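Enquirer: Encoded as structure tokens, here's the structure I'll be asking about.
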Amino acid sequence: MRQHQPVDPRQRRLLWFKRVAGSAFALILAPILVAVANGWLSPNAGDGPDETPSSSASRSAGPDFDVVPRLMSESGCTAFAHPLSSPEDRAELAMQSDAGGVIKRNNGARTSELNVSITLQGGDRALTIESIDIKPRTVRPAAPLNGGLICKPSSGGEPKIRLHADLDAVTPAFRGEGSGDTPYFRDNAITLAPHEQVPLHVAFTARRGYREFELVIRYTIEGKIEKRVVPAPEGSRWAVTALNKKYGSVYEGTVGGPFQLSEAADQCGLEPKPVGC
């Protein structure tokens with residue numbers, strides 16, 4: 001009869017631990033191996049991961065179209081509610097030809113006419129611009145701004161204006177050249193194809209008073225009516241004022257040069273005729 005050596009208790013415990021560990025590892029690894037095998041055998045295994053609804057939505061997110069407004073000309077006059085008498089304003093005007101900082105800091109408004117180029121840039125889907133609505137902040141125009149005035153001479157020709165709006169009217173609306181009193185968007189719409197670019201030249205006029213307003217585009221996309229507020233062009237705002245006869249301070253500029261304080265008593269020599277002349 002063959003005799004066995006007595007088993008060391010430490011070896012018995014080590015053998016038991018290996019068996020338990022092996023069983024646990026098998027339980028964990030088995031589901032993973034099954035999932036991998038199913039992936040290899042699936043008919044769509046080579047097509048990549050399925051796209052989740054959230055990732056699809058984020059990919060199509062974004063504006064339906066872009067709108068970029070720009071001033072068509074920096075020449076002309078800008079009026080203010082208060083005289084430009086601060087040392088900061090006077091120094092800036094006397095030292096440089098760019099009055100943008102002064103205009104922005106003092107909420108200036110273009111006089112008589114605000115000319116803006118609006119570029120519509122289509123997105124991924126076609127849409128129709130039903131109207132561009134002018135939303136005045138007051139029911140009627142206020143008195144013209146008469147605190148300060150900055151006038152910059154013209155250095156070239158002006159682009160052609162395609163649409164214009166009278167801000168003296170109770171309900172201002174865009175009108176086309178030669179269309180009379182009929183609002184342009186009553187009988188017209190703008191179809192914007194995917195990635196198409198459509199430029200618009202618009203002018204806002206004021207001969208009797210001052211008006212702030214908001215510009216809102218109303219459009220239809222895939223059967224739904226949406227709205228989009230148009231930001232003001234850089235260096236200006238959606239506001240226009242009639243010229244006034246007198247101002248608390250008047251600065252006149254030269255082409256490429258700084259602005260100088262004018263001694264003119266009134267502005268009746270400007271065109272169109274200021275209010276009070």
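Just remember, in the structure tokens the first chain shown is A, the second B, etc., residues are 1-based per chain, and ligands are 1-based in the order shown.
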Using DSSP secondary structure from the backbone, list all helix (DSSP H, G or I) positions within stretch 54-133 of chain A, as a ChimeraX atom specification.
Expert: /A:54-60,87-95,100-105
Enquirer: Mind dumping the selected residues with N, CA and C atoms as a short mmCIF file (atom, residue, chain, number, x, y, z; two decimals), in the first residue's frame?
Expert:
```cif
data_model
loop_
_atom_site.label_atom_id
_atom_site.label_comp_id
_atom_site.auth_asym_id
_atom_site.auth_seq_id
_atom_site.Cartn_x
_atom_site.Cartn_y
_atom_site.Cartn_z
N SER A 54 -29.77 61.55 -28.13
CA SER A 54 -29.18 62.78 -27.62
C SER A 54 -28.05 63.27 -28.51
N SER A 55 -27.21 62.35 -29.03
CA SER A 55 -26.12 62.77 -29.89
C SER A 55 -26.63 63.30 -31.22
N SER A 56 -27.70 62.73 -31.73
CA SER A 56 -28.30 63.22 -32.98
C SER A 56 -28.85 64.62 -32.80
N ALA A 57 -29.51 64.86 -31.66
CA ALA A 57 -30.10 66.18 -31.41
C ALA A 57 -29.02 67.23 -31.28
N SER A 58 -27.92 66.91 -30.59
CA SER A 58 -26.87 67.90 -30.41
C SER A 58 -26.19 68.23 -31.73
N ARG A 59 -26.15 67.28 -32.65
CA ARG A 59 -25.51 67.53 -33.94
C ARG A 59 -26.32 68.51 -34.76
N SER A 60 -27.64 68.53 -34.66
CA SER A 60 -28.47 69.41 -35.46
C SER A 60 -28.80 70.71 -34.74
N PRO A 87 -14.26 115.62 -20.05
CA PRO A 87 -12.85 115.65 -20.50
C PRO A 87 -12.49 114.43 -21.34
N GLU A 88 -13.03 113.26 -20.98
CA GLU A 88 -12.73 112.03 -21.71
C GLU A 88 -13.24 112.12 -23.15
N ASP A 89 -14.49 112.56 -23.32
CA ASP A 89 -15.06 112.66 -24.67
C ASP A 89 -14.31 113.70 -25.50
N ARG A 90 -14.04 114.86 -24.92
CA ARG A 90 -13.40 115.93 -25.67
C ARG A 90 -11.98 115.55 -26.09
N ALA A 91 -11.27 114.86 -25.20
CA ALA A 91 -9.91 114.44 -25.53
C ALA A 91 -9.91 113.40 -26.63
N GLU A 92 -10.87 112.45 -26.56
CA GLU A 92 -10.93 111.39 -27.57
C GLU A 92 -11.26 111.94 -28.94
N LEU A 93 -12.16 112.91 -29.00
CA LEU A 93 -12.54 113.49 -30.29
C LEU A 93 -11.42 114.36 -30.86
N ALA A 94 -10.67 115.01 -30.00
CA ALA A 94 -9.61 115.91 -30.46
C ALA A 94 -8.37 115.16 -30.92
N MET A 95 -8.23 113.90 -30.51
CA MET A 95 -7.00 113.16 -30.79
C MET A 95 -7.12 112.15 -31.92
N GLY A 100 -16.06 106.07 -32.45
CA GLY A 100 -16.88 104.92 -32.04
C GLY A 100 -17.03 104.80 -30.54
N GLY A 101 -15.95 105.01 -29.79
CA GLY A 101 -16.03 104.90 -28.34
C GLY A 101 -16.94 105.95 -27.74
N VAL A 102 -16.87 107.17 -28.25
CA VAL A 102 -17.72 108.25 -27.76
C VAL A 102 -19.18 107.96 -28.07
N ILE A 103 -19.45 107.49 -29.27
CA ILE A 103 -20.82 107.19 -29.68
C ILE A 103 -21.42 106.08 -28.82
N LYS A 104 -20.65 105.02 -28.59
CA LYS A 104 -21.14 103.91 -27.78
C LYS A 104 -21.35 104.30 -26.34
N ARG A 105 -20.40 105.06 -25.79
CA ARG A 105 -20.46 105.45 -24.38
C ARG A 105 -21.64 106.39 -24.10
#
```
Enquirer: Within 9 Å of stretch 159-176 of chain A, which residues of stretch 196-225 of chain A show up? Give each one with its shortest atom-to-atom distance in Å (one decimal) and the two atoms involved, counting only C-alpha atoms, rows by chain then rising residue number, as JSON lines.
Expert:
```
{"residue": "A:Leu200", "atom": "CA", "partner": "A:Arg162", "partner_atom": "CA", "distance": 7.0}
{"residue": "A:His201", "atom": "CA", "partner": "A:Ile161", "partner_atom": "CA", "distance": 5.1}
{"residue": "A:Val202", "atom": "CA", "partner": "A:Leu163", "partner_atom": "CA", "distance": 4.7}
{"residue": "A:Ala203", "atom": "CA", "partner": "A:His164", "partner_atom": "CA", "distance": 4.5}
{"residue": "A:Phe204", "atom": "CA", "partner": "A:Ala165", "partner_atom": "CA", "distance": 4.9}
{"residue": "A:Thr205", "atom": "CA", "partner": "A:Asp166", "partner_atom": "CA", "distance": 5.1}
{"residue": "A:Ala206", "atom": "CA", "partner": "A:Leu167", "partner_atom": "CA", "distance": 5.4}
{"residue": "A:Arg207", "atom": "CA", "partner": "A:Asp168", "partner_atom": "CA", "distance": 6.9}
{"residue": "A:Arg208", "atom": "CA", "partner": "A:Asp168", "partner_atom": "CA", "distance": 6.4}
{"residue": "A:Gly209", "atom": "CA", "partner": "A:Asp168", "partner_atom": "CA", "distance": 6.6}
{"residue": "A:Tyr210", "atom": "CA", "partner": "A:Asp168", "partner_atom": "CA", "distance": 8.1}
{"residue": "A:Arg211", "atom": "CA", "partner": "A:Leu167", "partner_atom": "CA", "distance": 6.6}
{"residue": "A:Glu212", "atom": "CA", "partner": "A:Leu167", "partner_atom": "CA", "distance": 8.8}
{"residue": "A:Phe213", "atom": "CA", "partner": "A:Leu167", "partner_atom": "CA", "distance": 8.9}
```
Enquirer: Please measure the separation of atom CA of A:Tyr184 and atom CA of A:Pro63, giving the value in Å to one decimal.
Expert: 25.3 Å
Enquirer: Contacts of A:Arg125 at 8 Å or less, counting only C-alpha atoms, minus same-chain residues fewer than 5 places along, as a count of residues only?
Expert: 4
Enquirer: Could you tell me which of A:Gly123, A:Gly223, A:Gly276, A:Pro233 comes closest to A:Pro144 if we count only C-alpha atoms?
Expert: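 Closest residue, counting only C-alpha atoms: A:Gly276.
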Enquirer: Calculated over only C-alpha atoms, which of the candidates A:Asn244, A:Ala239, A:Gly257, A:Val275 has the smallest distance to A:Arg137?
Expert: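 Comparing A:Asn244, A:Ala239, A:Gly257, A:Val275 against A:Arg137, the winner is A:Ala239.
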Enquirer: Kindly give the distance, in Å, that separates atom CA of A:Trp238 and atom CA of A:Ala81, rounded to a single decimal.
Expert: 15.3 Å
Enquirer: Quote the spacing between atom CA of A:Cys268 and atom CA of A:Lys245 in Å to one decimal place.
Expert: 5.9 Å
